[in-house]
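Have a look at entry-v2.pdb below; it lists PDB, C-alpha atoms and all ligand atoms.
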```pdb
ATOM      1  CA  MET A 117       0.000   0.000   0.000  1.00  0.00           C
ATOM      2  CA  GLN A 118       1.164   3.484  -0.734  1.00  0.00           C
ATOM      3  CA  LEU A 119      -0.065   7.027  -0.248  1.00  0.00           C
ATOM      4  CA  LYS A 120       1.410   9.500  -2.694  1.00  0.00           C
ATOM      5  CA  ALA A 121       1.194  13.297  -2.860  1.00  0.00           C
ATOM      6  CA  GLU A 122       2.285  14.839  -6.139  1.00  0.00           C
ATOM      7  CA  ASN A 123       2.841  18.489  -6.919  1.00  0.00           C
ATOM      8  CA  LEU A 124       0.512  19.462  -4.085  1.00  0.00           C
ATOM      9  CA  SER A 125      -0.263  23.156  -3.505  1.00  0.00           C
ATOM     10  CA  ALA A 126      -2.976  24.710  -1.363  1.00  0.00           C
ATOM     11  CA  LYS A 127      -4.242  28.211  -0.656  1.00  0.00           C
ATOM     12  CA  ARG A 128      -5.597  29.731   2.514  1.00  0.00           C
ATOM     13  CA  GLY A 129      -7.429  32.938   1.736  1.00  0.00           C
ATOM     14  CA  GLU A 130      -5.765  34.466  -1.322  1.00  0.00           C
ATOM     15  CA  ASP A 131      -2.279  33.065  -0.814  1.00  0.00           C
ATOM     16  CA  LEU A 132      -0.537  29.784  -1.386  1.00  0.00           C
ATOM     17  CA  LEU A 133       0.331  28.241   1.966  1.00  0.00           C
ATOM     18  CA  PHE A 134       2.484  25.513   0.453  1.00  0.00           C
ATOM     19  CA  ARG A 135       3.371  24.609  -3.079  1.00  0.00           C
ATOM     20  CA  LYS A 136       4.490  21.652  -5.141  1.00  0.00           C
ATOM     21  CA  LEU A 137       4.869  19.248  -2.232  1.00  0.00           C
ATOM     22  CA  ASN A 138       5.723  15.662  -3.050  1.00  0.00           C
ATOM     23  CA  PHE A 139       5.844  12.823  -0.571  1.00  0.00           C
ATOM     24  CA  CYS A 140       5.228   9.137  -0.385  1.00  0.00           C
ATOM     25  CA  VAL A 141       4.204   7.019   2.599  1.00  0.00           C
ATOM     26  CA  ASN A 142       4.366   3.234   2.355  1.00  0.00           C
ATOM     27  CA  SER A 143       2.663   0.514   4.311  1.00  0.00           C
ATOM     28  CA  GLY A 144       3.975   0.520   7.900  1.00  0.00           C
ATOM     29  CA  GLU A 145       5.359   4.056   7.691  1.00  0.00           C
ATOM     30  CA  ALA A 146       4.501   7.351   9.379  1.00  0.00           C
ATOM     31  CA  LEU A 147       4.995  10.927   8.221  1.00  0.00           C
ATOM     32  CA  VAL A 148       5.239  13.528  10.966  1.00  0.00           C
ATOM     33  CA  LEU A 149       4.611  17.163  10.034  1.00  0.00           C
ATOM     34  CA  THR A 150       6.632  19.714  11.954  1.00  0.00           C
ATOM     35  CA  GLY A 151       6.700  23.516  11.877  1.00  0.00           C
ATOM     36  CA  ARG A 152       5.663  26.493  13.954  1.00  0.00           C
ATOM     37  CA  ASN A 153       2.053  27.459  14.679  1.00  0.00           C
ATOM     38  CA  GLY A 154       0.291  28.512  11.508  1.00  0.00           C
ATOM     39  CA  SER A 155       2.826  26.882   9.184  1.00  0.00           C
ATOM     40  CA  GLY A 156       0.218  24.772   7.402  1.00  0.00           C
ATOM     41  CA  LYS A 157       0.271  21.373   9.123  1.00  0.00           C
ATOM     42  CA  SER A 158      -3.496  21.174   9.680  1.00  0.00           C
ATOM     43  CA  THR A 159      -4.144  22.510   6.200  1.00  0.00           C
ATOM     44  CA  LEU A 160      -2.016  19.810   4.596  1.00  0.00           C
ATOM     45  CA  LEU A 161      -3.729  17.108   6.655  1.00  0.00           C
ATOM     46  CA  ARG A 162      -7.146  18.444   5.659  1.00  0.00           C
ATOM     47  CA  VAL A 163      -6.132  18.438   1.998  1.00  0.00           C
ATOM     48  CA  VAL A 164      -5.074  14.780   2.257  1.00  0.00           C
ATOM     49  CA  ALA A 165      -8.337  13.937   4.053  1.00  0.00           C
ATOM     50  CA  GLY A 166     -10.307  15.581   1.253  1.00  0.00           C
ATOM     51  CA  PHE A 167     -11.810  18.482   3.237  1.00  0.00           C
ATOM     52  CA  ILE A 168      -9.901  21.168   1.322  1.00  0.00           C
ATOM     53  CA  ARG A 169      -9.468  21.126  -2.436  1.00  0.00           C
ATOM     54  CA  PRO A 170      -5.828  21.533  -3.464  1.00  0.00           C
ATOM     55  CA  GLU A 171      -4.835  24.359  -5.764  1.00  0.00           C
ATOM     56  CA  SER A 172      -2.742  21.908  -7.764  1.00  0.00           C
ATOM     57  CA  GLY A 173      -1.725  18.283  -7.578  1.00  0.00           C
ATOM     58  CA  LYS A 174      -3.340  15.242  -6.029  1.00  0.00           C
ATOM     59  CA  VAL A 175      -3.043  12.700  -3.249  1.00  0.00           C
ATOM     60  CA  THR A 176      -3.683   9.102  -4.169  1.00  0.00           C
ATOM     61  CA  PHE A 177      -3.832   5.784  -2.381  1.00  0.00           C
ATOM     62  CA  GLN A 178      -2.958   2.491  -3.969  1.00  0.00           C
ATOM     63  CA  SER A 179      -3.022  -1.019  -2.612  1.00  0.00           C
ATOM     64  CA  GLN A 180      -1.541  -3.989  -4.418  1.00  0.00           C
ATOM     65  CA  GLY A 181      -3.434  -5.114  -7.464  1.00  0.00           C
ATOM     66  CA  THR A 182      -6.007  -2.299  -7.354  1.00  0.00           C
ATOM     67  CA  GLU A 183      -6.414   0.981  -9.202  1.00  0.00           C
ATOM     68  CA  SER A 184      -5.141   4.072  -7.445  1.00  0.00           C
ATOM     69  CA  ARG A 185      -7.946   6.129  -5.901  1.00  0.00           C
ATOM     70  CA  PRO A 186      -8.301   9.463  -4.066  1.00  0.00           C
ATOM     71  CA  ALA A 187      -6.506   9.153  -0.728  1.00  0.00           C
ATOM     72  CA  ARG A 188      -9.530  10.484   1.185  1.00  0.00           C
ATOM     73  CA  GLU A 189     -11.340   7.180   0.614  1.00  0.00           C
ATOM     74  CA  ALA A 190      -8.651   5.334   2.587  1.00  0.00           C
ATOM     75  CA  CYS A 191      -8.365   7.801   5.475  1.00  0.00           C
ATOM     76  CA  HIS A 192      -9.507   8.174   9.035  1.00  0.00           C
ATOM     77  CA  TYR A 193      -9.300  11.789  10.186  1.00  0.00           C
ATOM     78  CA  LEU A 194      -8.820  12.630  13.855  1.00  0.00           C
ATOM     79  CA  GLY A 195      -8.778  16.412  14.030  1.00  0.00           C
ATOM     80  CA  HIS A 196      -8.946  18.903  16.867  1.00  0.00           C
ATOM     81  CA  ARG A 197     -12.621  18.143  17.411  1.00  0.00           C
ATOM     82  CA  ASN A 198     -13.849  14.772  18.559  1.00  0.00           C
ATOM     83  CA  GLY A 199     -16.717  14.317  16.107  1.00  0.00           C
ATOM     84  CA  MET A 200     -19.164  12.933  18.678  1.00  0.00           C
ATOM     85  CA  LYS A 201     -22.652  14.015  19.792  1.00  0.00           C
ATOM     86  CA  ALA A 202     -22.878  14.974  23.464  1.00  0.00           C
ATOM     87  CA  GLU A 203     -26.511  13.786  23.791  1.00  0.00           C
ATOM     88  CA  LEU A 204     -25.877  10.272  22.482  1.00  0.00           C
ATOM     89  CA  SER A 205     -24.255   7.569  24.557  1.00  0.00           C
ATOM     90  CA  VAL A 206     -20.658   6.620  23.808  1.00  0.00           C
ATOM     91  CA  SER A 207     -21.896   3.346  22.386  1.00  0.00           C
ATOM     92  CA  GLU A 208     -24.448   5.060  20.099  1.00  0.00           C
ATOM     93  CA  ASN A 209     -21.764   7.447  18.841  1.00  0.00           C
ATOM     94  CA  LEU A 210     -19.361   4.635  18.019  1.00  0.00           C
ATOM     95  CA  HIS A 211     -22.120   2.566  16.385  1.00  0.00           C
ATOM     96  CA  PHE A 212     -22.961   5.561  14.226  1.00  0.00           C
ATOM     97  CA  TRP A 213     -19.341   5.858  13.014  1.00  0.00           C
ATOM     98  CA  LYS A 214     -18.971   2.131  12.480  1.00  0.00           C
ATOM     99  CA  ASP A 215     -22.112   2.019  10.296  1.00  0.00           C
ATOM    100  CA  PHE A 216     -21.416   5.317   8.548  1.00  0.00           C
ATOM    101  CA  LEU A 217     -17.828   4.507   7.621  1.00  0.00           C
ATOM    102  CA  GLY A 218     -18.447   0.863   6.748  1.00  0.00           C
ATOM    103  CA  GLY A 219     -15.670  -1.437   5.629  1.00  0.00           C
ATOM    104  CA  PHE A 220     -12.516  -1.033   3.598  1.00  0.00           C
ATOM    105  CA  GLU A 221     -10.521  -3.779   1.942  1.00  0.00           C
ATOM    106  CA  GLY A 222      -7.526  -5.139   3.816  1.00  0.00           C
ATOM    107  CA  GLY A 223      -8.819  -5.036   7.387  1.00  0.00           C
ATOM    108  CA  THR A 224     -11.782  -5.218   9.723  1.00  0.00           C
ATOM    109  CA  GLY A 225     -13.005  -2.901  12.436  1.00  0.00           C
ATOM    110  CA  LEU A 226     -13.220  -3.938  16.071  1.00  0.00           C
ATOM    111  CA  SER A 227     -16.520  -4.239  17.896  1.00  0.00           C
ATOM    112  CA  ILE A 228     -17.510  -1.286  20.099  1.00  0.00           C
ATOM    113  CA  GLU A 229     -16.672  -3.350  23.208  1.00  0.00           C
ATOM    114  CA  GLU A 230     -13.246  -4.356  21.882  1.00  0.00           C
ATOM    115  CA  ALA A 231     -12.384  -0.778  20.915  1.00  0.00           C
ATOM    116  CA  ALA A 232     -13.503   0.548  24.318  1.00  0.00           C
ATOM    117  CA  ASP A 233     -11.339  -2.096  25.942  1.00  0.00           C
ATOM    118  CA  VAL A 234      -8.260  -1.040  23.937  1.00  0.00           C
ATOM    119  CA  ILE A 235      -8.611   2.532  25.187  1.00  0.00           C
ATOM    120  CA  GLY A 236      -9.203   1.312  28.738  1.00  0.00           C
ATOM    121  CA  LEU A 237     -12.756   2.639  29.186  1.00  0.00           C
ATOM    122  CA  SER A 238     -15.012  -0.342  28.597  1.00  0.00           C
ATOM    123  CA  SER A 239     -17.110   0.288  31.702  1.00  0.00           C
ATOM    124  CA  ILE A 240     -18.589   3.638  30.639  1.00  0.00           C
ATOM    125  CA  THR A 241     -19.843   3.130  27.063  1.00  0.00           C
ATOM    126  CA  HIS A 242     -23.468   3.420  28.272  1.00  0.00           C
ATOM    127  CA  LEU A 243     -22.980   7.030  29.480  1.00  0.00           C
ATOM    128  CA  PRO A 244     -23.931  10.083  27.440  1.00  0.00           C
ATOM    129  CA  TYR A 245     -20.766  11.268  25.692  1.00  0.00           C
ATOM    130  CA  GLY A 246     -21.299  14.765  27.100  1.00  0.00           C
ATOM    131  CA  TYR A 247     -20.937  13.464  30.692  1.00  0.00           C
ATOM    132  CA  LEU A 248     -17.345  12.344  30.162  1.00  0.00           C
ATOM    133  CA  SER A 249     -14.201  14.242  31.101  1.00  0.00           C
ATOM    134  CA  ALA A 250     -12.238  15.938  28.301  1.00  0.00           C
ATOM    135  CA  GLY A 251      -9.606  13.203  28.381  1.00  0.00           C
ATOM    136  CA  GLN A 252     -12.199  10.414  28.307  1.00  0.00           C
ATOM    137  CA  GLN A 253     -13.939  12.113  25.385  1.00  0.00           C
ATOM    138  CA  ARG A 254     -10.656  12.275  23.496  1.00  0.00           C
ATOM    139  CA  ARG A 255      -9.960   8.601  24.158  1.00  0.00           C
ATOM    140  CA  PHE A 256     -13.313   7.637  22.667  1.00  0.00           C
ATOM    141  CA  ALA A 257     -12.582   9.814  19.636  1.00  0.00           C
ATOM    142  CA  MET A 258      -9.474   7.634  19.248  1.00  0.00           C
ATOM    143  CA  ALA A 259     -11.632   4.503  19.521  1.00  0.00           C
ATOM    144  CA  ARG A 260     -13.369   5.705  16.348  1.00  0.00           C
ATOM    145  CA  LEU A 261     -10.149   4.792  14.496  1.00  0.00           C
ATOM    146  CA  LEU A 262     -10.597   1.198  15.634  1.00  0.00           C
ATOM    147  CA  VAL A 263     -14.284   0.487  15.013  1.00  0.00           C
ATOM    148  CA  ALA A 264     -14.002   0.905  11.222  1.00  0.00           C
ATOM    149  CA  TYR A 265     -10.852  -0.091   9.352  1.00  0.00           C
ATOM    150  CA  ARG A 266      -9.019   2.503   7.307  1.00  0.00           C
ATOM    151  CA  PRO A 267      -5.367   2.010   6.317  1.00  0.00           C
ATOM    152  CA  VAL A 268      -4.402   5.690   6.607  1.00  0.00           C
ATOM    153  CA  TRP A 269      -4.727   7.532   9.918  1.00  0.00           C
ATOM    154  CA  ILE A 270      -4.581  11.327   9.728  1.00  0.00           C
ATOM    155  CA  LEU A 271      -3.898  12.707  13.165  1.00  0.00           C
ATOM    156  CA  ASP A 272      -3.948  16.405  14.003  1.00  0.00           C
ATOM    157  CA  GLU A 273      -2.550  17.033  17.496  1.00  0.00           C
ATOM    158  CA  PRO A 274      -4.104  13.765  18.655  1.00  0.00           C
ATOM    159  CA  THR A 275      -2.770  13.755  22.194  1.00  0.00           C
ATOM    160  CA  ALA A 276      -3.235  17.416  23.190  1.00  0.00           C
ATOM    161  CA  ALA A 277      -4.746  17.550  26.707  1.00  0.00           C
ATOM    162  CA  LEU A 278      -4.192  13.872  27.446  1.00  0.00           C
ATOM    163  CA  ASP A 279      -2.431  12.568  30.542  1.00  0.00           C
ATOM    164  CA  ALA A 280       0.831  10.620  30.252  1.00  0.00           C
ATOM    165  CA  LYS A 281      -0.906   7.243  30.467  1.00  0.00           C
ATOM    166  CA  ALA A 282      -3.343   8.076  27.661  1.00  0.00           C
ATOM    167  CA  ASP A 283      -0.405   9.448  25.654  1.00  0.00           C
ATOM    168  CA  ALA A 284       1.400   6.114  25.965  1.00  0.00           C
ATOM    169  CA  MET A 285      -1.798   4.203  25.162  1.00  0.00           C
ATOM    170  CA  PHE A 286      -2.291   6.184  21.957  1.00  0.00           C
ATOM    171  CA  SER A 287       1.370   5.775  20.883  1.00  0.00           C
ATOM    172  CA  ALA A 288       0.952   2.018  21.317  1.00  0.00           C
ATOM    173  CA  MET A 289      -2.250   2.137  19.250  1.00  0.00           C
ATOM    174  CA  VAL A 290      -0.477   3.935  16.396  1.00  0.00           C
ATOM    175  CA  ARG A 291       2.557   1.625  16.535  1.00  0.00           C
ATOM    176  CA  ASN A 292       0.213  -1.358  16.378  1.00  0.00           C
ATOM    177  CA  HIS A 293      -1.568   0.146  13.367  1.00  0.00           C
ATOM    178  CA  LEU A 294       1.790   0.621  11.589  1.00  0.00           C
ATOM    179  CA  ARG A 295       2.959  -2.898  12.505  1.00  0.00           C
ATOM    180  CA  SER A 296      -0.139  -4.328  10.874  1.00  0.00           C
ATOM    181  CA  GLY A 297       0.656  -2.490   7.641  1.00  0.00           C
ATOM    182  CA  GLY A 298      -1.215   0.782   8.149  1.00  0.00           C
ATOM    183  CA  MET A 299       0.110   4.312   7.662  1.00  0.00           C
ATOM    184  CA  ALA A 300      -0.108   7.504   9.680  1.00  0.00           C
ATOM    185  CA  LEU A 301       0.251  11.202   8.901  1.00  0.00           C
ATOM    186  CA  ALA A 302       0.498  13.253  12.066  1.00  0.00           C
ATOM    187  CA  ALA A 303       0.942  16.842  13.147  1.00  0.00           C
ATOM    188  CA  THR A 304       2.004  16.900  16.739  1.00  0.00           C
ATOM    189  CA  HIS A 305       4.034  19.031  19.112  1.00  0.00           C
ATOM    190  CA  GLN A 306       4.411  16.054  21.464  1.00  0.00           C
ATOM    191  CA  PRO A 307       6.485  13.175  20.107  1.00  0.00           C
ATOM    192  CA  LEU A 308       4.376  10.102  19.375  1.00  0.00           C
ATOM    193  CA  GLY A 309       7.309   7.819  20.092  1.00  0.00           C
ATOM    194  CA  LEU A 310       7.429   6.455  16.560  1.00  0.00           C
ATOM    195  CA  ASP A 311      10.722   5.034  15.348  1.00  0.00           C
ATOM    196  CA  ASN A 312      11.907   5.925  11.876  1.00  0.00           C
ATOM    197  CA  ALA A 313       9.055   8.299  11.071  1.00  0.00           C
ATOM    198  CA  GLN A 314       9.665  10.524   8.056  1.00  0.00           C
ATOM    199  CA  GLN A 315       9.511  14.228   8.853  1.00  0.00           C
ATOM    200  CA  LEU A 316       8.227  17.054   6.714  1.00  0.00           C
ATOM    201  CA  GLU A 317       8.837  20.598   7.885  1.00  0.00           C
ATOM    202  CA  MET A 318       6.088  23.034   6.938  1.00  0.00           C
ATOM    203  CA  ARG A 319       7.184  26.654   6.436  1.00  0.00           C
ATOM    204  CA  GLY A 320       3.931  28.602   6.031  1.00  0.00           C
ATOM    205  CA  PHE A 321       3.279  31.904   4.256  1.00  0.00           C
ATOM    206  CA  GLU A 322       6.464  33.537   5.564  1.00  0.00           C
ATOM    207  CA  PHE A 323       8.553  31.108   3.566  1.00  0.00           C
ATOM    208  CA  ASP A 324       7.264  32.807   0.395  1.00  0.00           C
ATOM    209  CA  ASP A 325       8.433  36.205   1.701  1.00  0.00           C
ATOM    210  CA  LEU A 326      11.844  34.763   2.483  1.00  0.00           C
ATOM    211  CA  GLU A 327      12.114  33.266  -0.975  1.00  0.00           C
ATOM    212  CA  GLU A 328      11.259  36.586  -2.547  1.00  0.00           C
ATOM    213  CA  MET A 329      13.926  38.351  -0.448  1.00  0.00           C
ATOM    214  CA  VAL A 330      16.824  36.106  -1.492  1.00  0.00           C
TER     215      VAL A 330
HETATM  216  N1  LIG A 401      -9.915  30.309   5.848  1.00  0.00           N
HETATM  217  C1  LIG A 401      -8.732  30.882   5.966  1.00  0.00           C
HETATM  218  N2  LIG A 401      -8.423  32.042   5.334  1.00  0.00           N
HETATM  219  C2  LIG A 401      -7.210  32.614   5.439  1.00  0.00           C
HETATM  220  N3  LIG A 401      -6.203  32.098   6.160  1.00  0.00           N
HETATM  221  C3  LIG A 401      -6.447  30.945   6.818  1.00  0.00           C
HETATM  222  C4  LIG A 401      -7.696  30.279   6.759  1.00  0.00           C
HETATM  223  N4  LIG A 401      -7.606  29.154   7.501  1.00  0.00           N
HETATM  224  C5  LIG A 401      -6.355  29.123   7.986  1.00  0.00           C
HETATM  225  N5  LIG A 401      -5.662  30.187   7.590  1.00  0.00           N
HETATM  226  C6  LIG A 401      -4.253  30.488   7.894  1.00  0.00           C
HETATM  227  O1  LIG A 401      -3.465  29.431   7.326  1.00  0.00           O
HETATM  228  C7  LIG A 401      -2.284  29.253   8.101  1.00  0.00           C
HETATM  229  C8  LIG A 401      -2.055  27.783   8.365  1.00  0.00           C
HETATM  230  O2  LIG A 401      -2.960  27.301   9.319  1.00  0.00           O
HETATM  231  P1  LIG A 401      -2.877  25.791   9.837  1.00  0.00           P
HETATM  232  O3  LIG A 401      -4.026  25.609  10.779  1.00  0.00           O
HETATM  233  O4  LIG A 401      -2.753  24.892   8.672  1.00  0.00           O
HETATM  234  O5  LIG A 401      -1.480  25.803  10.642  1.00  0.00           O
HETATM  235  P2  LIG A 401      -0.826  24.732  11.638  1.00  0.00           P
HETATM  236  O6  LIG A 401       0.590  24.557  11.201  1.00  0.00           O
HETATM  237  O7  LIG A 401      -1.679  23.524  11.727  1.00  0.00           O
HETATM  238  O8  LIG A 401      -0.861  25.531  13.013  1.00  0.00           O
HETATM  239  P3  LIG A 401      -0.913  25.047  14.568  1.00  0.00           P
HETATM  240  O9  LIG A 401       0.426  24.441  14.890  1.00  0.00           O
HETATM  241  O10 LIG A 401      -1.159  26.348  15.282  1.00  0.00           O
HETATM  242  O11 LIG A 401      -2.082  24.099  14.700  1.00  0.00           O
HETATM  243  C9  LIG A 401      -2.447  30.107   9.356  1.00  0.00           C
HETATM  244  O12 LIG A 401      -1.658  31.281   9.197  1.00  0.00           O
HETATM  245  C10 LIG A 401      -3.934  30.451   9.373  1.00  0.00           C
HETATM  246  O13 LIG A 401      -4.174  31.694   9.973  1.00  0.00           O
END
```

Encoding of this model in structure tokens:
Amino acid sequence: MQLKAENLSAKRGEDLLFRKLNFCVNSGEALVLTGRNGSGKSTLLRVVAGFIRPESGKVTFQSQGTESRPAREACHYLGHRNGMKAELSVSENLHFWKDFLGGFEGGTGLSIEEAADVIGLSSITHLPYGYLSAGQQRRFAMARLLVAYRPVWILDEPTAALDAKADAMFSAMVRNHLRSGGMALAATHQPLGLDNAQQLEMRGFEFDDLEEMV
């Protein structure tokens, strides 16, 4: 399996935030985006996930023996927001995502109970999501990655506001995903503890000014 970005440029407002990016992530690999606040990490992740149309270029996903397709079809996106309804129970939220996302070739999703067990919160899936602490809510947003299989995990500051134990739990989850052939693209200021991750430094709008000055 391979995720490939070719000649990728994107605008925010009137200006290009990055241009002509090329990168390739293979099965079992992670790409970590670095760069100061506002440098374009979230924007790039949202382009890969299909939420923002690129100005040029494309991102494709290919698995062995199949046609390449838009990368967004192969992605899970865990952004700053948790994507859960406060009024529904945890279990209802996760069932919604499992049914909505459906399957994807090459893997199977866990049951709600199994996923809740992985994140260490199997005893509270009956509670309304809105009752949970911020850290518990974030953990269940992570469980969403497990209930439906997608080979590519797009992670935008996934562990912000988590305690050290939850941090370690999530790193283990990502390492396990990579070991079983998945891929991850992550923007994070806290290291995820991934060995041999590729790094891509985003430079933001100011990089254009610098280029023009030299
Ligand atoms: N709709 C918009 N119109 C104009 N500029 C925007 C818009 N959305 C974002 N920006 C700008 O694009 C730049 C990149 O934002 P982005 O969220 O991708 O950065 P980031 O590297 O993820 O930052 P952080 O580390 O703070 O999360 C920022 O300067 C932001 O102000």

Which residues, named as in the file, does the PyMOL selection byres (((chain A and resi 210) around 9) and not hetatm) pick out? Answer as JSON, numbers by chain.
{"A": [200, 205, 206, 207, 208, 209, 211, 212, 213, 214, 215, 228, 256, 257, 259, 260, 263]}

Please check which protein, DNA or RNA residues sit within 8 Å of ligand LIG 401 (chain A), counting all atoms listed in the file, and write them as number ranges by chain.
A: 128-131, 133, 150-160, 272-273, 303-305, 318, 320-321

I'd like the residues picked by the PyMOL selection byres (((chain A and resi 176) around 8) and not hetatm) written out as a list of chain:residue names, using the chain letters and numbers from the file.
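Against this file, the PyMOL selection byres (((chain A and resi 176) around 8) and not hetatm) returns the residues A:Leu119, A:Lys120, A:Ala121, A:Lys174, A:Val175, A:Phe177, A:Gln178, A:Ser184, A:Arg185, A:Pro186, A:Ala187.
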
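Using only C-alpha atoms for every distance, the candidate list A:Gln306, A:Asn198, A:Ser143, A:Ser239 yields A:Gln306 as the residue closest to Ala276 of chain A.
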
Carefully work through the PyMOL selection byres (((chain A and resi 297) around 9) and not hetatm) for this structure and note down the residues it includes, as a ChimeraX atom specification.
/A:117,142-145,267,292-296,298-299

List the neighbours of Leu137 of chain A out to 12 Å using all atoms listed in the file; skip same-chain residues closer than 6 positions along the sequence, and give me the result as JSON, numbers by chain.
{"A": [120, 121, 122, 123, 124, 125, 126, 160, 163, 164, 170, 171, 172, 173, 174, 175, 316, 317, 318, 319]}

Which one is closest to Ile168 of chain A: A:Gly251, A:Arg135, A:Arg188, A:Gln315? Count only C-alpha atoms.
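That would be A:Arg188, the residue with the smallest distance to Ile168 of chain A.
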
Excluding Asp233 of chain A and residues on its chain fewer than 2 positions from it, collect all residues at most 12 Å away from it, counting all atoms listed in the file, and give them as number ranges by chain.
A: 226-231, 235-241, 255-256, 258-259, 262-263, 285

Would you mind reading off the distance between atom CA of Gly195 of chain A and atom CA of Leu308 of chain A, one decimal, in Å?
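Between atom CA of Gly195 of chain A and atom CA of Leu308 of chain A the gap works out to 15.5 Å.
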
Enter the distance from atom CA of Gly223 of chain A to atom CA of Leu261 of chain A, in Å, rounded to one decimal.
12.2 Å

Build an axis-aligned box that encloses every atom of segment 292-298 of chain A listed in the file, pad it by 3 Å on each side, and report its centre and edge lengths in Å to one decimal, as lines of an AutoDock Vina configuration file.
```
center_x = 0.7
center_y = -1.8
center_z = 12.0
size_x = 10.5
size_y = 11.1
size_z = 14.7
```

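Straight-line separation from atom CA of Gln314 of chain A to atom CA of Val141 of chain A: 8.5 Å.
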
Considering all atoms listed in the file, return as JSON, numbers by chain whatever protein or nucleic-acid residues lie within 6 Å of Ala300 of chain A, sequence-local ones (same chain, fewer than 6 positions apart) excluded.
{"A": [146, 268, 269, 270]}

Between A:Leu301, A:Leu243, A:Ala190, A:Val234, smallest distance to Leu204 of chain A by all atoms listed in the file belongs to A:Leu243

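Distances from A:Val148, A:Gln118, A:Tyr247, A:Cys191 to Gly166 of chain A were compared using all atoms listed in the file, and the smallest one belongs to A:Cys191.
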
Test item: residues at most 9 Å from Gly222 of chain A, only C-alpha atoms, excluding those fewer than 4 positions along its chain, as a short mmCIF file (atom, residue, chain, number, x, y, z; two decimals) with C-alpha atoms, keeping the file's coordinate frame:
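The resulting out39.cif:
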```
data_model
loop_
_atom_site.label_atom_id
_atom_site.label_comp_id
_atom_site.auth_asym_id
_atom_site.auth_seq_id
_atom_site.Cartn_x
_atom_site.Cartn_y
_atom_site.Cartn_z
CA SER A 179 -3.02 -1.02 -2.61
CA TYR A 265 -10.85 -0.09 9.35
CA ARG A 266 -9.02 2.50 7.31
CA PRO A 267 -5.37 2.01 6.32
#
```
